[in-house]
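Asks: Data: final37.txt, compact mmCIF, C-alpha atoms and all ligand atoms.
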# COMPACT_ATOMS: atom_id res chain seq x y z
CA VAL B 1 -19.50 -27.12 -12.07
CA THR B 2 -16.71 -24.58 -12.33
CA THR B 3 -13.46 -25.57 -10.76
CA GLN B 4 -10.93 -22.90 -9.94
CA GLN B 5 -7.44 -23.98 -10.98
CA LEU B 6 -4.38 -22.54 -9.27
CA LEU B 7 -0.83 -23.21 -10.40
CA ILE B 8 1.72 -23.04 -7.57
CA THR B 9 5.38 -22.96 -8.59
CA GLY B 10 7.97 -23.98 -6.02
CA ALA B 11 5.28 -26.11 -4.42
CA ALA B 12 7.84 -28.45 -2.79
CA GLY B 13 9.61 -25.54 -1.10
CA ARG B 14 9.17 -24.18 2.42
CA VAL B 15 6.28 -21.82 1.71
CA GLY B 16 4.72 -24.11 -0.91
CA THR B 17 4.66 -27.02 1.50
CA LEU B 18 3.04 -24.86 4.17
CA MET B 19 0.43 -23.59 1.69
CA ARG B 20 -0.56 -26.91 0.12
CA PRO B 21 -3.01 -27.99 2.84
CA ARG B 22 -4.06 -24.42 3.62
CA LEU B 23 -5.13 -23.51 0.09
CA ALA B 24 -7.23 -26.63 -0.42
CA ARG B 25 -10.91 -25.70 -1.00
CA PRO B 26 -13.95 -27.43 -2.41
CA GLY B 27 -14.22 -26.43 -6.05
CA ARG B 28 -10.52 -25.76 -6.37
CA LEU B 29 -7.80 -27.77 -8.10
CA LEU B 30 -4.20 -27.10 -7.11
CA ARG B 31 -1.63 -27.76 -9.81
CA LEU B 32 1.63 -28.07 -7.93
CA LEU B 33 4.88 -27.60 -9.81
CA ASP B 34 8.46 -27.95 -8.66
CA ILE B 35 11.83 -28.98 -10.04
CA ALA B 36 12.09 -31.28 -7.01
CA PRO B 37 9.79 -34.27 -6.61
CA LEU B 38 6.50 -33.51 -4.86
CA PRO B 39 4.71 -35.78 -2.39
CA ALA B 40 1.98 -37.67 -4.26
CA PRO B 41 -1.63 -36.51 -3.84
CA GLY B 42 -3.27 -37.83 -0.70
CA ALA B 43 -6.63 -39.61 -0.77
CA GLY B 44 -9.27 -37.09 -1.81
CA GLU B 45 -6.70 -34.31 -2.27
CA ALA B 46 -7.58 -32.22 -5.34
CA VAL B 47 -4.05 -31.73 -6.62
CA GLU B 48 -2.01 -32.46 -9.71
CA THR B 49 1.77 -32.60 -9.48
CA LEU B 50 4.22 -31.57 -12.17
CA GLN B 51 7.99 -31.79 -12.12
CA ALA B 52 9.54 -29.02 -14.22
CA SER B 53 11.80 -25.99 -14.05
CA VAL B 54 10.31 -22.50 -13.92
CA THR B 55 12.88 -21.62 -16.59
CA ASP B 56 11.37 -24.07 -19.12
CA LEU B 57 8.95 -21.99 -21.20
CA ASP B 58 7.30 -24.95 -22.95
CA ALA B 59 6.70 -26.77 -19.66
CA MET B 60 5.41 -23.60 -18.04
CA ARG B 61 3.02 -22.93 -20.93
CA GLU B 62 1.60 -26.39 -20.54
CA ALA B 63 1.38 -25.95 -16.78
CA CYS B 64 -0.51 -22.67 -17.25
CA ALA B 65 -3.18 -24.11 -19.55
CA GLY B 66 -6.65 -23.58 -18.09
CA VAL B 67 -5.30 -21.92 -14.96
CA ASP B 68 -7.13 -19.06 -13.21
CA ALA B 69 -4.12 -17.74 -11.30
CA VAL B 70 -0.45 -18.55 -10.76
CA ILE B 71 1.16 -18.32 -7.34
CA HIS B 72 4.85 -18.02 -8.21
CA LEU B 73 6.91 -19.19 -5.26
CA GLY B 74 9.56 -21.06 -7.28
CA GLY B 75 13.14 -19.91 -6.99
CA LEU B 76 16.22 -19.80 -4.82
CA SER B 77 15.24 -18.44 -1.42
CA THR B 78 18.56 -17.10 -0.12
CA GLU B 79 21.76 -15.57 -1.45
CA ARG B 80 23.59 -17.50 -4.19
CA PRO B 81 26.16 -16.75 -6.88
CA TRP B 82 24.92 -14.33 -9.53
CA GLU B 83 24.63 -16.89 -12.34
CA GLN B 84 22.25 -19.05 -10.31
CA ILE B 85 20.12 -16.09 -9.22
CA LEU B 86 19.99 -14.79 -12.78
CA ASP B 87 18.84 -18.10 -14.21
CA THR B 88 16.48 -19.51 -11.59
CA ASN B 89 15.01 -16.34 -10.14
CA ILE B 90 15.18 -13.65 -12.80
CA ASN B 91 14.82 -15.76 -15.92
CA GLY B 92 12.40 -17.99 -14.00
CA SER B 93 10.10 -15.08 -13.13
CA TYR B 94 10.21 -13.84 -16.74
CA THR B 95 9.36 -17.33 -17.97
CA VAL B 96 6.43 -17.75 -15.58
CA LEU B 97 4.95 -14.37 -16.55
CA GLU B 98 5.47 -14.99 -20.26
CA ALA B 99 3.92 -18.45 -20.01
CA ALA B 100 0.97 -17.03 -18.06
CA ARG B 101 0.44 -14.35 -20.69
CA ARG B 102 0.60 -16.77 -23.60
CA ALA B 103 -1.81 -19.15 -21.85
CA GLY B 104 -4.24 -16.33 -21.03
CA VAL B 105 -3.87 -16.60 -17.25
CA PRO B 106 -5.29 -13.35 -15.88
CA ARG B 107 -3.51 -13.14 -12.55
CA VAL B 108 -0.06 -13.85 -11.11
CA VAL B 109 0.89 -13.57 -7.45
CA PHE B 110 4.64 -13.16 -7.04
CA ALA B 111 6.48 -14.10 -3.87
CA SER B 112 8.73 -11.07 -3.53
CA SER B 113 10.63 -10.48 -0.33
CA ASN B 114 11.61 -7.91 2.25
CA HIS B 115 15.11 -8.33 0.80
CA ALA B 116 14.02 -6.30 -2.26
CA VAL B 117 14.23 -3.33 0.10
CA GLY B 118 16.53 -4.83 2.75
CA PHE B 119 19.18 -2.11 2.80
CA HIS B 120 16.72 0.54 3.95
CA PRO B 121 17.68 1.59 7.48
CA ALA B 122 15.44 0.06 10.12
CA ASP B 123 15.19 3.18 12.29
CA GLN B 124 12.96 5.28 10.02
CA GLY B 125 9.62 4.33 11.56
CA GLU B 126 7.04 2.21 9.79
CA ALA B 127 8.25 1.14 6.36
CA ALA B 128 5.72 2.31 3.77
CA ASP B 129 4.09 0.27 1.06
CA TYR B 130 5.89 0.67 -2.28
CA LEU B 131 9.18 1.44 -0.60
CA PHE B 132 11.74 2.15 -3.33
CA PRO B 133 13.95 -0.86 -4.15
CA ARG B 134 17.10 -1.17 -2.07
CA PRO B 135 18.09 -4.82 -2.39
CA ASP B 136 20.43 -6.35 0.15
CA THR B 137 21.68 -9.28 -1.96
CA PHE B 138 21.67 -10.64 -5.52
CA TYR B 139 18.65 -12.56 -4.20
CA GLY B 140 17.03 -9.22 -3.33
CA VAL B 141 17.89 -7.89 -6.80
CA SER B 142 16.01 -10.86 -8.27
CA LYS B 143 12.94 -9.89 -6.26
CA VAL B 144 13.18 -6.30 -7.52
CA ALA B 145 13.47 -7.70 -11.05
CA GLY B 146 10.41 -9.89 -10.49
CA GLU B 147 8.43 -6.87 -9.31
CA ALA B 148 9.60 -4.89 -12.35
CA LEU B 149 8.61 -7.72 -14.69
CA GLY B 150 5.23 -7.89 -12.98
CA SER B 151 4.78 -4.16 -13.51
CA LEU B 152 5.66 -4.54 -17.20
CA TYR B 153 3.30 -7.48 -17.69
CA HIS B 154 0.53 -5.48 -16.08
CA ASP B 155 1.05 -2.32 -18.14
CA ARG B 156 1.86 -4.04 -21.42
CA TYR B 157 -0.51 -7.01 -21.27
CA SER B 158 -3.05 -6.12 -18.55
CA LEU B 159 -2.23 -9.07 -16.31
CA ASP B 160 -3.13 -8.56 -12.66
CA VAL B 161 0.14 -8.94 -10.75
CA ILE B 162 0.37 -8.78 -6.98
CA CYS B 163 3.83 -8.84 -5.42
CA LEU B 164 4.08 -9.92 -1.79
CA ARG B 165 7.11 -8.58 0.05
CA ILE B 166 7.11 -11.50 2.43
CA GLY B 167 8.78 -11.14 5.83
CA SER B 168 9.55 -14.53 7.38
CA CYS B 169 7.10 -17.30 6.57
CA PHE B 170 7.90 -20.17 8.92
CA GLU B 171 5.76 -22.44 11.07
CA ARG B 172 6.83 -20.27 14.00
CA PRO B 173 9.21 -17.30 14.43
CA LEU B 174 12.81 -18.41 14.98
CA ASN B 175 14.52 -15.31 16.44
CA ALA B 176 13.87 -11.80 17.77
CA ARG B 177 13.78 -10.22 14.29
CA MET B 178 10.94 -12.51 13.34
CA LEU B 179 8.85 -11.08 16.17
CA ALA B 180 8.49 -8.19 13.69
CA THR B 181 8.78 -9.99 10.35
CA TRP B 182 6.82 -13.22 10.93
CA LEU B 183 4.16 -14.19 8.43
CA ALA B 184 2.32 -17.04 10.09
CA PRO B 185 1.44 -19.77 7.57
CA ASP B 186 -2.28 -19.29 8.30
CA ASP B 187 -1.93 -15.56 7.60
CA CYS B 188 0.06 -16.30 4.45
CA ALA B 189 -2.89 -18.35 3.24
CA ARG B 190 -5.25 -15.49 4.22
CA LEU B 191 -3.10 -13.02 2.28
CA LEU B 192 -3.07 -15.28 -0.77
CA GLU B 193 -6.85 -15.76 -0.61
CA ALA B 194 -7.31 -11.99 -0.35
CA VAL B 195 -5.15 -11.16 -3.35
CA LEU B 196 -6.66 -14.01 -5.38
CA ALA B 197 -10.18 -12.71 -4.69
CA ALA B 198 -9.56 -8.95 -4.98
CA PRO B 199 -11.52 -7.53 -7.94
CA GLU B 200 -9.28 -5.98 -10.61
CA PRO B 201 -6.22 -5.37 -8.43
CA GLY B 202 -3.97 -4.31 -11.31
CA PHE B 203 -0.34 -4.15 -10.19
CA LYS B 204 0.21 -4.07 -6.45
CA VAL B 205 3.11 -4.45 -4.03
CA VAL B 206 2.19 -5.39 -0.48
CA TRP B 207 4.05 -6.35 2.66
CA GLY B 208 3.44 -9.88 3.84
CA ILE B 209 3.51 -10.11 7.63
CA SER B 210 1.18 -11.09 10.42
CA ALA B 211 -0.49 -8.62 12.81
CA ASN B 212 2.70 -8.55 14.88
CA THR B 213 2.80 -6.27 17.91
CA ARG B 214 6.39 -5.38 16.94
CA ALA B 215 5.75 -4.98 13.20
CA TRP B 216 7.56 -2.10 11.54
CA TRP B 217 6.10 -2.51 8.04
CA SER B 218 2.81 -1.06 6.74
CA LEU B 219 -0.15 -3.35 6.15
CA ALA B 220 -2.31 -0.60 4.65
CA GLN B 221 -2.15 -1.82 1.04
CA ALA B 222 -2.59 -5.47 2.03
CA ARG B 223 -5.61 -4.58 4.17
CA ALA B 224 -7.05 -2.50 1.33
CA LEU B 225 -6.98 -5.68 -0.77
CA GLY B 226 -8.94 -7.52 1.92
CA TYR B 227 -6.19 -9.12 4.03
CA ARG B 228 -7.20 -9.60 7.66
CA PRO B 229 -4.23 -11.05 9.57
CA GLN B 230 -5.05 -12.95 12.75
CA CYS B 231 -1.68 -14.05 14.11
CA ASP B 232 0.87 -12.17 16.21
CA ALA B 233 4.44 -13.32 16.90
CA GLU B 234 4.31 -11.66 20.31
CA GLN B 235 3.37 -14.91 22.04
CA PHE B 236 6.95 -16.08 21.29
CA ALA B 237 8.61 -12.94 22.69
CA THR B 238 9.74 -14.37 26.03
CA GLU B 239 11.42 -17.29 24.39
CA LEU B 240 13.01 -15.38 21.45
CA GLY B 241 13.57 -11.89 22.84
CA ASP B 242 17.30 -12.41 23.43
CA MET B 243 18.07 -13.84 20.03
CA VAL B 244 18.98 -10.51 18.44
CA GLY B 245 21.32 -10.53 15.43
CA GLU B 246 23.96 -7.89 14.78
CA PHE B 247 22.12 -6.38 11.79
CA ASP B 248 18.55 -6.77 13.03
CA HIS B 249 18.09 -3.17 14.12
CA ARG B 250 20.22 -1.59 11.42
CA TYR B 251 18.46 -2.62 8.24
CA LEU B 252 15.09 -3.99 7.20
CA GLY B 253 16.84 -7.01 5.68
CA GLY B 254 18.54 -7.92 8.97
CA PRO B 255 21.15 -10.68 8.53
CA PHE B 256 21.03 -10.48 4.73
CA CYS B 257 22.86 -7.14 5.13
CA SER B 258 25.89 -8.79 6.67
CA PRO B 259 29.07 -8.30 4.58
CA GLU B 260 29.69 -12.02 5.02
CA LEU B 261 26.95 -12.64 2.46
CA ASP B 262 29.02 -10.80 -0.14
CA ALA B 263 29.17 -12.79 -3.37
CA PRO B 264 29.26 -16.39 -2.17
CA LYS B 265 31.27 -18.51 -4.59
C1 LIG B 301 13.55 -14.44 2.67
O1 LIG B 301 13.29 -13.84 1.63
C2 LIG B 301 14.05 -15.83 2.66
O2 LIG B 301 13.53 -16.57 1.60
C3 LIG B 301 13.79 -16.57 3.94
O3 LIG B 301 14.63 -17.69 3.97
C4 LIG B 301 13.96 -15.73 5.21
O4 LIG B 301 15.29 -15.56 5.46
C5 LIG B 301 13.24 -14.40 5.07
O5 LIG B 301 13.48 -13.76 3.85
C6 LIG B 301 13.55 -13.43 6.23
O6 LIG B 301 13.90 -12.26 5.96
O7 LIG B 301 13.40 -13.84 7.37
What is this file in structure tokens?

Replies:
Amino acid sequence: VTTQQLLITGAAGRVGTLMRPRLARPGRLLRLLDIAPLPAPGAGEAVETLQASVTDLDAMREACAGVDAVIHLGGLSTERPWEQILDTNINGSYTVLEAARRAGVPRVVFASSNHAVGFHPADQGEAADYLFPRPDTFYGVSKVAGEALGSLYHDRYSLDVICLRIGSCFERPLNARMLATWLAPDDCARLLEAVLAAPEPGFKVVWGISANTRAWWSLAQARALGYRPQCDAEQFATELGDMVGEFDHRYLGGPFCSPELDAPK
């Protein structure tokens, strides 16, 4: 019996917690890793839990042993001082890729973000796949760096690396911007399944959103990899339509483009 083994970093985080039940499958073992403690496996749940930092190369090498793919969600998820972003996000992504390479893991899925390209103006029509980097924060810079590292590890070592420029992955959209940027948890799982199953994807960068009526980002590359989104934030439009932030219609990154986010100390 072959068991597929997936390593999920940042498994105790917001997206990791949403994905844990959704990625469970017969014939699959989830190895969940986080620096924070993880809830213990439930009865019959095929998971292992590991507490370690994504910046610890030895721990990551051990975590990668026997793994078929890594889903790298681990890192700081909003703006922070440069030193923290550099260590946890940039050095963390390097460490995960290097550990995967040394352990012979063939595929890494990287949770990038819309904030890698957040300072692109929002009034240019549908944002294309592979939009040139234009980070809106140090956090966004770390996502650009993660994409660049993924590109290097593909070209230099032939790893398959798929970077997901995730919009807003929450249980439900929380404001008007998320009517465009929402990635429903069920669709996030669909996107992950698609990029895990895609034959020989090489290096790819895809937008991660649901089939939102108000979407302004391309899903062409994600669909080409097999993603079939089934959720639409539009059902929340009446309730959220008024909750428009000052930067929502100026830049793709919305509130992350506010000058108030400048270098938090
Ligand atoms: C992100 O990258 C953040 O991790 C998340 O907290 C949300 O703010 C999201 O982007 C977003 O743009 O809504």

Asks: Nearest to Pro173 in chain B: which of B:Met60, B:Ala103, B:Ile209, B:Leu38 is it, counting all atoms listed in the file?

Replies: B:Ile209

Asks: Any idea what the distance is between CA of Asp242 in chain B and CA of Asn175 in chain B?

Replies: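 Between these atoms lies a distance of 8.1 Å.
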
Asks: B:Asp160, B:Glu79, B:Asp186, B:Asp262: which is nearest ligand LIG 301 (chain B), counting all atoms listed in the file?

Replies: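 Nearest to ligand LIG 301 (chain B): B:Glu79.
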
Asks: Could you pull out the residues sitting within 7 Å of ligand LIG 301 (chain B), using all atoms listed in the file, and write them as a list in words?

Replies: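 Sorted by chain and then by number, the residues are Ser77, Thr78, Ser113, Asn114, His115, Ile166, Gly167, Ser168, Cys169, Met178, Thr181 and Gly253 of chain B.
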
Asks: Check the smallest atom-to-atom distance from each of B:Asp34, B:Asp136, B:Glu62, B:Glu193 to Ala12 in chain B using all atoms listed in the file, then report the winner.

Replies: B:Asp34

Asks: Which of these, B:Pro26, B:Gly75, B:Gly16, B:Pro39, has the shortest distance to Leu192 in chain B once you count only C-alpha atoms?

Replies: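 So, comparing all the options, the nearest one is B:Gly16.
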
Asks: In terms of the shortest atom-to-atom distance over all atoms listed in the file, which of B:Ala65, B:Leu152, B:Ala122, B:Val117 is closest to Gly140 in chain B?

Replies: B:Val117

Asks: Quick check, in Å to one decimal: how far apart do CA of Val108 in chain B and CA of Ala194 in chain B lie?

Replies: 13.1 Å

Asks: Name the closest residue to Pro255 in chain B among the candidates B:Thr137, B:Ala11, B:Gln84, B:Ile71; distances are taken between atoms, counting only C-alpha atoms.

Replies: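 Using only C-alpha atoms, Pro255 in chain B sits closest to B:Thr137.
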
Asks: Can you sort out the box for range 54-68 of chain B, edges along x, y and z, all listed atoms in, 6 Å on every side, with centre and edge lengths in Å to one decimal, as AutoDock Vina command-line options?

Replies:
--center_x 2.9 --center_y -22.9 --center_z -18.1 --size_x 32.0 --size_y 19.7 --size_z 21.7

Asks: One number please: CA of Leu174 in chain B to CA of Leu261 in chain B, in Å, one decimal.

Replies: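 Answer for the CA of Leu174 in chain B to CA of Leu261 in chain B separation: 19.7 Å.
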
Asks: Residues around (4.2, -13.0, 13.4), cut-off 12 Å, counting all atoms listed in the file - what are they as a ChimeraX atom specification?

Replies: /B:166-188,208-217,229-237

Asks: Do a neighbour search on range 4-7 of chain B at 9 Å with only C-alpha atoms, toss out local chain neighbours closer than 5 positions, and write the hits as a CSV table (one decimal) with C-alpha atoms, in the coordinates of the input.

Replies:
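Output file result.csv follows:
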chain,number,residue,atom,x,y,z
B,27,GLY,CA,-14.2,-26.4,-6.0
B,28,ARG,CA,-10.5,-25.8,-6.4
B,29,LEU,CA,-7.8,-27.8,-8.1
B,30,LEU,CA,-4.2,-27.1,-7.1
B,31,ARG,CA,-1.6,-27.8,-9.8
B,32,LEU,CA,1.6,-28.1,-7.9
B,33,LEU,CA,4.9,-27.6,-9.8
B,63,ALA,CA,1.4,-26.0,-16.8
B,64,CYS,CA,-0.5,-22.7,-17.2
B,66,GLY,CA,-6.6,-23.6,-18.1
B,67,VAL,CA,-5.3,-21.9,-15.0
B,68,ASP,CA,-7.1,-19.1,-13.2
B,69,ALA,CA,-4.1,-17.7,-11.3
B,70,VAL,CA,-0.4,-18.6,-10.8
B,71,ILE,CA,1.2,-18.3,-7.3
B,72,HIS,CA,4.8,-18.0,-8.2
